[in-house]
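Here is the file run00.cif (mmCIF, N, CA, C and O atoms).
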data_my_file
#
loop_
_atom_site.label_atom_id
_atom_site.label_comp_id
_atom_site.auth_asym_id
_atom_site.auth_seq_id
_atom_site.Cartn_x
_atom_site.Cartn_y
_atom_site.Cartn_z
N MET D 12 28.81 22.33 3.61
CA MET D 12 28.97 21.10 2.87
C MET D 12 28.98 19.89 3.81
O MET D 12 28.34 18.91 3.55
N LYS D 13 29.70 20.01 4.92
CA LYS D 13 29.80 18.90 5.86
C LYS D 13 28.44 18.57 6.49
O LYS D 13 28.09 17.41 6.63
N SER D 14 27.66 19.57 6.84
CA SER D 14 26.35 19.33 7.45
C SER D 14 25.39 18.65 6.48
O SER D 14 24.53 17.89 6.88
N GLU D 15 25.56 18.93 5.19
CA GLU D 15 24.71 18.28 4.18
C GLU D 15 24.98 16.77 4.17
O GLU D 15 24.06 15.97 4.08
N LYS D 16 26.25 16.37 4.26
CA LYS D 16 26.60 14.95 4.30
C LYS D 16 26.05 14.29 5.56
O LYS D 16 25.49 13.21 5.51
N SER D 17 26.21 14.96 6.69
CA SER D 17 25.71 14.43 7.96
C SER D 17 24.20 14.26 7.92
O SER D 17 23.67 13.27 8.39
N SER D 18 23.52 15.23 7.36
CA SER D 18 22.08 15.17 7.25
C SER D 18 21.64 14.00 6.38
O SER D 18 20.71 13.28 6.72
N LYS D 19 22.33 13.78 5.28
CA LYS D 19 22.00 12.67 4.39
C LYS D 19 22.23 11.33 5.10
O LYS D 19 21.42 10.42 4.98
N GLY D 20 23.31 11.22 5.86
CA GLY D 20 23.60 10.00 6.60
C GLY D 20 22.53 9.69 7.64
O GLY D 20 22.11 8.55 7.79
N ARG D 21 22.08 10.71 8.36
CA ARG D 21 21.02 10.52 9.36
C ARG D 21 19.72 10.09 8.68
O ARG D 21 18.98 9.27 9.21
N PHE D 22 19.45 10.65 7.51
CA PHE D 22 18.23 10.29 6.77
C PHE D 22 18.27 8.81 6.39
O PHE D 22 17.28 8.11 6.53
N GLU D 23 19.42 8.33 5.92
CA GLU D 23 19.54 6.92 5.52
C GLU D 23 19.36 5.99 6.72
O GLU D 23 18.73 4.95 6.61
N VAL D 24 19.92 6.36 7.87
CA VAL D 24 19.76 5.56 9.08
C VAL D 24 18.30 5.52 9.49
O VAL D 24 17.75 4.47 9.81
N ALA D 25 17.63 6.66 9.48
CA ALA D 25 16.22 6.72 9.85
C ALA D 25 15.37 5.90 8.89
O ALA D 25 14.44 5.21 9.30
N LYS D 26 15.69 5.96 7.61
CA LYS D 26 14.95 5.20 6.59
C LYS D 26 15.10 3.70 6.84
O LYS D 26 14.13 2.95 6.76
N LYS D 27 16.32 3.27 7.18
CA LYS D 27 16.58 1.85 7.44
C LYS D 27 15.83 1.40 8.70
O LYS D 27 15.24 0.32 8.71
N LYS D 28 15.84 2.21 9.76
CA LYS D 28 15.11 1.87 10.98
C LYS D 28 13.62 1.78 10.70
O LYS D 28 12.94 0.89 11.20
N ASN D 29 13.08 2.68 9.90
CA ASN D 29 11.67 2.67 9.56
C ASN D 29 11.31 1.39 8.81
O ASN D 29 10.28 0.77 9.08
N ARG D 30 12.17 0.96 7.88
CA ARG D 30 11.94 -0.27 7.13
C ARG D 30 11.94 -1.47 8.06
O ARG D 30 11.07 -2.34 7.97
N ARG D 31 12.88 -1.53 8.98
CA ARG D 31 12.94 -2.63 9.95
C ARG D 31 11.70 -2.63 10.84
O ARG D 31 11.15 -3.69 11.13
N GLN D 32 11.28 -1.46 11.29
CA GLN D 32 10.12 -1.37 12.17
C GLN D 32 8.86 -1.88 11.47
O GLN D 32 8.03 -2.55 12.09
N LYS D 33 8.73 -1.59 10.19
CA LYS D 33 7.56 -2.09 9.44
C LYS D 33 7.55 -3.61 9.43
O LYS D 33 6.51 -4.24 9.58
N TRP D 34 8.74 -4.22 9.28
CA TRP D 34 8.82 -5.68 9.28
C TRP D 34 8.57 -6.24 10.68
O TRP D 34 7.93 -7.28 10.82
N ILE D 35 9.04 -5.57 11.71
CA ILE D 35 8.77 -6.01 13.08
C ILE D 35 7.26 -5.96 13.35
O ILE D 35 6.70 -6.90 13.91
N ASP D 36 6.61 -4.89 12.94
CA ASP D 36 5.16 -4.78 13.10
C ASP D 36 4.43 -5.89 12.35
O ASP D 36 3.47 -6.47 12.86
N THR D 37 4.90 -6.19 11.15
CA THR D 37 4.30 -7.25 10.33
C THR D 37 4.47 -8.60 11.00
O THR D 37 3.54 -9.41 11.06
N LEU D 38 5.66 -8.86 11.54
CA LEU D 38 5.92 -10.11 12.25
C LEU D 38 5.01 -10.23 13.47
O LEU D 38 4.47 -11.31 13.73
N CYS D 39 4.83 -9.15 14.22
CA CYS D 39 3.94 -9.16 15.39
C CYS D 39 2.51 -9.51 14.99
O CYS D 39 1.83 -10.27 15.70
N GLU D 40 2.05 -8.97 13.88
CA GLU D 40 0.70 -9.30 13.40
C GLU D 40 0.61 -10.79 13.05
O GLU D 40 -0.36 -11.46 13.41
N TYR D 41 1.62 -11.31 12.39
CA TYR D 41 1.67 -12.73 11.99
C TYR D 41 1.65 -13.64 13.21
O TYR D 41 0.85 -14.57 13.29
N VAL D 42 2.50 -13.35 14.18
CA VAL D 42 2.58 -14.16 15.40
C VAL D 42 1.30 -14.03 16.21
O VAL D 42 0.86 -14.99 16.84
N GLY D 43 0.68 -12.86 16.16
CA GLY D 43 -0.56 -12.62 16.90
C GLY D 43 -1.80 -13.20 16.25
O GLY D 43 -2.91 -13.03 16.74
N GLY D 44 -1.63 -13.86 15.11
CA GLY D 44 -2.77 -14.51 14.46
C GLY D 44 -3.57 -13.61 13.53
O GLY D 44 -4.61 -14.02 13.02
N ARG D 45 -3.12 -12.38 13.34
CA ARG D 45 -3.81 -11.49 12.40
C ARG D 45 -3.22 -11.67 11.01
O ARG D 45 -2.13 -12.21 10.85
N GLU D 46 -3.92 -11.21 9.99
CA GLU D 46 -3.42 -11.31 8.62
C GLU D 46 -2.54 -10.09 8.31
O GLU D 46 -3.04 -8.99 8.11
N PRO D 47 -1.21 -10.29 8.28
CA PRO D 47 -0.32 -9.16 8.01
C PRO D 47 -0.26 -8.82 6.53
O PRO D 47 -0.62 -9.63 5.67
N THR D 48 0.22 -7.62 6.26
CA THR D 48 0.42 -7.15 4.89
C THR D 48 1.91 -6.91 4.69
O THR D 48 2.56 -6.27 5.51
N CYS D 49 2.46 -7.42 3.60
CA CYS D 49 3.88 -7.26 3.31
C CYS D 49 4.22 -5.77 3.11
O CYS D 49 3.58 -5.10 2.30
N PRO D 50 5.23 -5.27 3.82
CA PRO D 50 5.63 -3.87 3.66
C PRO D 50 6.21 -3.58 2.28
O PRO D 50 6.23 -2.44 1.84
N LYS D 51 6.63 -4.61 1.56
CA LYS D 51 7.26 -4.43 0.25
C LYS D 51 6.25 -4.49 -0.90
O LYS D 51 6.22 -3.62 -1.74
N CYS D 52 5.42 -5.56 -0.92
CA CYS D 52 4.55 -5.75 -2.08
C CYS D 52 3.05 -5.71 -1.77
O CYS D 52 2.23 -5.73 -2.68
N GLY D 53 2.68 -5.70 -0.49
CA GLY D 53 1.27 -5.68 -0.12
C GLY D 53 0.64 -7.06 -0.06
O GLY D 53 -0.56 -7.18 0.18
N GLY D 54 1.44 -8.11 -0.26
CA GLY D 54 0.92 -9.48 -0.22
C GLY D 54 0.54 -9.91 1.18
O GLY D 54 0.86 -9.25 2.17
N HIS D 55 -0.14 -11.07 1.27
CA HIS D 55 -0.59 -11.58 2.56
C HIS D 55 -0.16 -13.03 2.79
O HIS D 55 -0.70 -13.70 3.66
N ASN D 56 0.80 -13.51 2.03
CA ASN D 56 1.23 -14.91 2.08
C ASN D 56 2.61 -15.00 2.72
O ASN D 56 3.62 -14.77 2.07
N PHE D 57 2.66 -15.34 4.02
CA PHE D 57 3.92 -15.35 4.77
C PHE D 57 4.30 -16.74 5.24
O PHE D 57 3.46 -17.62 5.36
N LYS D 58 5.59 -16.88 5.52
CA LYS D 58 6.12 -18.13 6.04
C LYS D 58 7.28 -17.80 6.97
O LYS D 58 7.94 -16.78 6.80
N ASP D 59 7.52 -18.67 7.95
CA ASP D 59 8.69 -18.54 8.80
C ASP D 59 9.32 -19.91 8.97
O ASP D 59 8.63 -20.93 8.88
N ALA D 60 10.63 -19.93 9.18
CA ALA D 60 11.34 -21.19 9.38
C ALA D 60 12.62 -20.90 10.17
O ALA D 60 13.07 -19.75 10.23
N TYR D 61 13.20 -21.97 10.75
CA TYR D 61 14.32 -21.82 11.65
C TYR D 61 15.41 -22.84 11.38
O TYR D 61 15.14 -23.94 10.91
N ILE D 62 16.64 -22.47 11.74
CA ILE D 62 17.79 -23.36 11.65
C ILE D 62 18.34 -23.49 13.07
O ILE D 62 18.56 -22.49 13.74
N VAL D 63 18.59 -24.72 13.50
CA VAL D 63 19.07 -24.98 14.85
C VAL D 63 20.57 -24.69 14.94
O VAL D 63 21.33 -24.99 14.03
N SER D 64 20.97 -24.11 16.09
CA SER D 64 22.38 -23.87 16.36
C SER D 64 23.12 -25.20 16.49
O SER D 64 22.58 -26.16 17.02
N GLU D 65 24.35 -25.24 16.03
CA GLU D 65 25.15 -26.46 16.14
C GLU D 65 25.57 -26.74 17.58
O GLU D 65 25.86 -27.87 17.94
N THR D 66 25.61 -25.70 18.40
CA THR D 66 26.09 -25.87 19.78
C THR D 66 24.98 -26.05 20.81
O THR D 66 25.24 -26.54 21.90
N ASN D 67 23.74 -25.66 20.48
CA ASN D 67 22.64 -25.76 21.44
C ASN D 67 21.33 -25.92 20.68
O ASN D 67 20.89 -25.00 20.00
N ASN D 68 20.69 -27.07 20.83
CA ASN D 68 19.46 -27.36 20.08
C ASN D 68 18.27 -26.50 20.47
O ASN D 68 17.24 -26.52 19.80
N ASP D 69 18.37 -25.75 21.56
CA ASP D 69 17.27 -24.90 22.00
C ASP D 69 17.33 -23.50 21.38
O ASP D 69 16.45 -22.68 21.62
N TYR D 70 18.37 -23.21 20.62
CA TYR D 70 18.54 -21.89 20.01
C TYR D 70 18.81 -22.03 18.52
O TYR D 70 19.25 -23.08 18.05
N GLY D 71 18.57 -20.95 17.80
CA GLY D 71 18.85 -20.99 16.37
C GLY D 71 18.63 -19.63 15.73
O GLY D 71 18.54 -18.60 16.39
N TRP D 72 18.53 -19.66 14.42
CA TRP D 72 18.30 -18.47 13.60
C TRP D 72 17.15 -18.77 12.68
O TRP D 72 16.78 -19.92 12.48
N GLY D 73 16.59 -17.75 12.11
CA GLY D 73 15.48 -18.00 11.22
C GLY D 73 15.17 -16.82 10.34
O GLY D 73 15.90 -15.83 10.31
N ALA D 74 14.07 -16.96 9.65
CA ALA D 74 13.61 -15.90 8.76
C ALA D 74 12.09 -15.91 8.72
O ALA D 74 11.45 -16.93 8.93
N PHE D 75 11.56 -14.74 8.45
CA PHE D 75 10.13 -14.52 8.25
C PHE D 75 10.04 -13.84 6.90
O PHE D 75 10.72 -12.85 6.66
N TRP D 76 9.28 -14.41 5.96
CA TRP D 76 9.28 -13.84 4.61
C TRP D 76 7.92 -13.88 3.94
O TRP D 76 7.03 -14.63 4.32
N CYS D 77 7.82 -13.03 2.93
CA CYS D 77 6.63 -12.96 2.09
C CYS D 77 6.83 -13.94 0.93
O CYS D 77 7.83 -13.86 0.22
N GLU D 78 5.92 -14.85 0.78
CA GLU D 78 6.00 -15.83 -0.30
C GLU D 78 5.77 -15.20 -1.67
O GLU D 78 6.18 -15.75 -2.68
N ASP D 79 5.12 -14.04 -1.72
CA ASP D 79 4.81 -13.41 -3.00
C ASP D 79 6.03 -12.71 -3.61
O ASP D 79 6.33 -12.91 -4.78
N CYS D 80 6.74 -11.90 -2.81
CA CYS D 80 7.89 -11.15 -3.37
C CYS D 80 9.23 -11.67 -2.86
O CYS D 80 10.27 -11.20 -3.31
N ARG D 81 9.22 -12.61 -1.91
CA ARG D 81 10.42 -13.23 -1.33
C ARG D 81 11.24 -12.28 -0.47
O ARG D 81 12.37 -12.57 -0.12
N SER D 82 10.68 -11.12 -0.10
CA SER D 82 11.35 -10.22 0.83
C SER D 82 11.33 -10.89 2.20
O SER D 82 10.34 -11.52 2.59
N ALA D 83 12.44 -10.75 2.95
CA ALA D 83 12.57 -11.49 4.20
C ALA D 83 13.17 -10.63 5.31
O ALA D 83 13.92 -9.69 5.05
N PHE D 84 12.85 -11.03 6.53
CA PHE D 84 13.36 -10.38 7.73
C PHE D 84 14.12 -11.43 8.51
O PHE D 84 13.59 -12.50 8.81
N TRP D 85 15.38 -11.16 8.84
CA TRP D 85 16.26 -12.08 9.55
C TRP D 85 15.90 -12.12 11.03
O TRP D 85 15.70 -11.08 11.65
N LEU D 86 15.83 -13.32 11.60
CA LEU D 86 15.54 -13.50 13.02
C LEU D 86 16.79 -14.11 13.67
O LEU D 86 17.22 -15.20 13.30
N SER D 87 17.34 -13.41 14.61
CA SER D 87 18.59 -13.84 15.25
C SER D 87 18.35 -14.29 16.68
O SER D 87 17.50 -13.74 17.37
N ARG D 88 19.10 -15.30 17.10
CA ARG D 88 19.06 -15.81 18.48
C ARG D 88 17.63 -16.17 18.91
O ARG D 88 17.14 -15.71 19.93
N VAL D 89 17.01 -17.01 18.13
CA VAL D 89 15.65 -17.44 18.41
C VAL D 89 15.67 -18.61 19.39
O VAL D 89 16.47 -19.54 19.24
N ILE D 90 14.83 -18.55 20.40
CA ILE D 90 14.69 -19.67 21.34
C ILE D 90 13.71 -20.66 20.74
O ILE D 90 12.57 -20.31 20.44
N LEU D 91 14.16 -21.89 20.54
CA LEU D 91 13.35 -22.89 19.83
C LEU D 91 12.77 -23.95 20.75
O LEU D 91 12.74 -25.13 20.43
N THR D 92 12.30 -23.55 21.90
CA THR D 92 11.69 -24.51 22.82
C THR D 92 10.19 -24.62 22.61
O THR D 92 9.57 -25.57 23.06
N ASN D 93 9.61 -23.66 21.90
CA ASN D 93 8.19 -23.68 21.59
C ASN D 93 7.91 -24.79 20.58
O ASN D 93 8.59 -24.90 19.56
N GLU D 94 6.91 -25.61 20.83
CA GLU D 94 6.59 -26.74 19.95
C GLU D 94 6.29 -26.29 18.52
O GLU D 94 6.70 -26.94 17.56
N ASN D 95 5.59 -25.18 18.39
CA ASN D 95 5.26 -24.66 17.07
C ASN D 95 6.52 -24.29 16.28
O ASN D 95 6.63 -24.58 15.09
N ALA D 96 7.48 -23.64 16.93
CA ALA D 96 8.74 -23.27 16.28
C ALA D 96 9.54 -24.52 15.91
O ALA D 96 10.15 -24.59 14.85
N ARG D 97 9.54 -25.52 16.77
CA ARG D 97 10.31 -26.75 16.50
C ARG D 97 9.78 -27.48 15.26
O ARG D 97 10.53 -28.15 14.57
N LYS D 98 8.50 -27.33 14.98
CA LYS D 98 7.91 -27.95 13.79
C LYS D 98 8.40 -27.28 12.49
O LYS D 98 8.28 -27.85 11.42
N LYS D 99 8.93 -26.06 12.62
CA LYS D 99 9.35 -25.30 11.44
C LYS D 99 10.86 -25.29 11.24
O LYS D 99 11.39 -24.45 10.53
N ILE D 100 11.57 -26.23 11.86
CA ILE D 100 13.02 -26.31 11.70
C ILE D 100 13.33 -26.93 10.35
O ILE D 100 12.77 -27.96 9.96
N ILE D 101 14.24 -26.28 9.63
CA ILE D 101 14.68 -26.76 8.32
C ILE D 101 16.22 -26.78 8.30
O ILE D 101 16.86 -26.19 9.16
N SER D 102 16.81 -27.43 7.33
CA SER D 102 18.27 -27.52 7.27
C SER D 102 18.91 -26.26 6.68
O SER D 102 20.05 -25.94 6.99
N ALA D 103 18.19 -25.55 5.83
CA ALA D 103 18.72 -24.31 5.23
C ALA D 103 17.56 -23.43 4.80
O ALA D 103 16.51 -23.93 4.39
N LEU D 104 17.76 -22.14 4.90
CA LEU D 104 16.74 -21.20 4.43
C LEU D 104 16.74 -21.18 2.91
O LEU D 104 17.78 -21.43 2.28
N PRO D 105 15.61 -20.87 2.29
CA PRO D 105 15.58 -20.79 0.83
C PRO D 105 16.60 -19.76 0.31
O PRO D 105 16.76 -18.69 0.89
N GLU D 106 17.31 -20.11 -0.73
CA GLU D 106 18.39 -19.27 -1.26
C GLU D 106 17.89 -18.01 -1.96
O GLU D 106 18.64 -17.05 -2.09
N ASP D 107 16.63 -17.99 -2.38
CA ASP D 107 16.13 -16.84 -3.14
C ASP D 107 15.53 -15.73 -2.28
O ASP D 107 15.00 -14.75 -2.80
N LEU D 108 15.64 -15.84 -0.96
CA LEU D 108 15.09 -14.79 -0.10
C LEU D 108 15.90 -13.52 -0.25
O LEU D 108 17.12 -13.55 -0.38
N LYS D 109 15.19 -12.38 -0.21
CA LYS D 109 15.84 -11.07 -0.30
C LYS D 109 15.69 -10.38 1.05
O LYS D 109 14.65 -9.79 1.33
N PHE D 110 16.74 -10.47 1.87
CA PHE D 110 16.68 -9.89 3.21
C PHE D 110 16.74 -8.38 3.15
O PHE D 110 17.49 -7.82 2.35
N ILE D 111 15.95 -7.73 4.01
CA ILE D 111 15.94 -6.27 4.03
C ILE D 111 17.18 -5.73 4.71
O ILE D 111 17.82 -6.40 5.45
#

Encoded form using structure tokens:
Amino acid sequence: MKSEKSSKGRFEVAKKKNRRQKWIDTLCEYVGGREPTCPKCGGHNFKDAYIVSETNNDYGWGAFWCEDCRSAFWLSRVILTNENARKKIISALPEDLKFI
């Protein structure tokens, strides 16, 4: 009985890692200039945006999301010295995003 519970727990962890990896791969395609496909809905319409840290303007947080299904991937401790990233700074992330 105990091993069945442990096995189920490991399966859930592996499933969660697999889901995150799909989003990381999708983000890499987006940043690399290729047309990514949403792991959730198959859409191709993505957006990213960032929020500046209150203590250091060169760092912040952000999100990368599919505009079609609103599924999103959280980006933590982002360095915002890149001119392209600085153009995408917003005051708040959209409230309807569904983070994985």

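Within the file as shown, the PyMOL selection byres ((chain D and resi 66-77) around 7) identifies Cys49, Gly54, His55, Asn56, Phe57, Lys58, Asp59, Ala60, Tyr61, Ile62, Val63, Ser64, Glu65, Glu78, Asp79, Cys80, Arg81, Ser82, Ala83, Phe84, Trp85, Leu86, Ser87, Arg88, Val89, Ile90, Leu91, Thr92 and Asn93 of chain D.
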
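The residue that comes closest to D:Lys51, out of D:Lys33, D:Glu94, D:Glu106, D:Arg21 and on the basis of only C-alpha atoms, is D:Lys33.
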
Using the chain letters and numbers from this document, which residues of stretch 12-80 of chain D does DSSP assign to strand (DSSP E), as a PyMOL selection string? chain D and resi 57-63+70-77

Among stretch 22-85 of chain D, which residues does DSSP mark as alpha helix (DSSP H) when it is run on the backbone? Keep the chain and numbering as in the structure and answer as a list in words.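 Written out, the alpha helix (DSSP H) residues of stretch 22-85 of chain D are Phe22, Glu23, Val24, Ala25, Lys26, Lys27, Lys28, Asn29, Arg30, Arg31, Gln32, Lys33, Trp34, Ile35, Asp36, Thr37, Leu38, Cys39, Glu40, Tyr41 and Val42 of chain D.
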
Taking only C-alpha atoms into account, name the residue in D:Gly20, D:Asp107, D:Pro50, D:Arg97 that is nearest to D:Leu38.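 Of the candidates, the smallest distance to D:Leu38 is held by D:Pro50.
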
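Atom O of D:Thr48 sits 10.8 Å away from atom C of D:Arg30.
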
Tell me, in Å to one decimal, how far atom CA of D:Ala103 is from atom CA of D:Cys39. 23.5 Å

Extending 8 Å beyond the listed atoms of stretch 52-67 of chain D on each side, what axis-aligned box results? I want centre and edge lengths in Å to one decimal, as lines of an AutoDock Vina configuration file.
center_x = 12.7
center_y = -16.7
center_z = 9.6
size_x = 42.8
size_y = 38.3
size_z = 40.6

What does the structure give for the distance between atom O of D:Glu40 and atom N of D:Pro105, in Å to one decimal? 21.6 Å
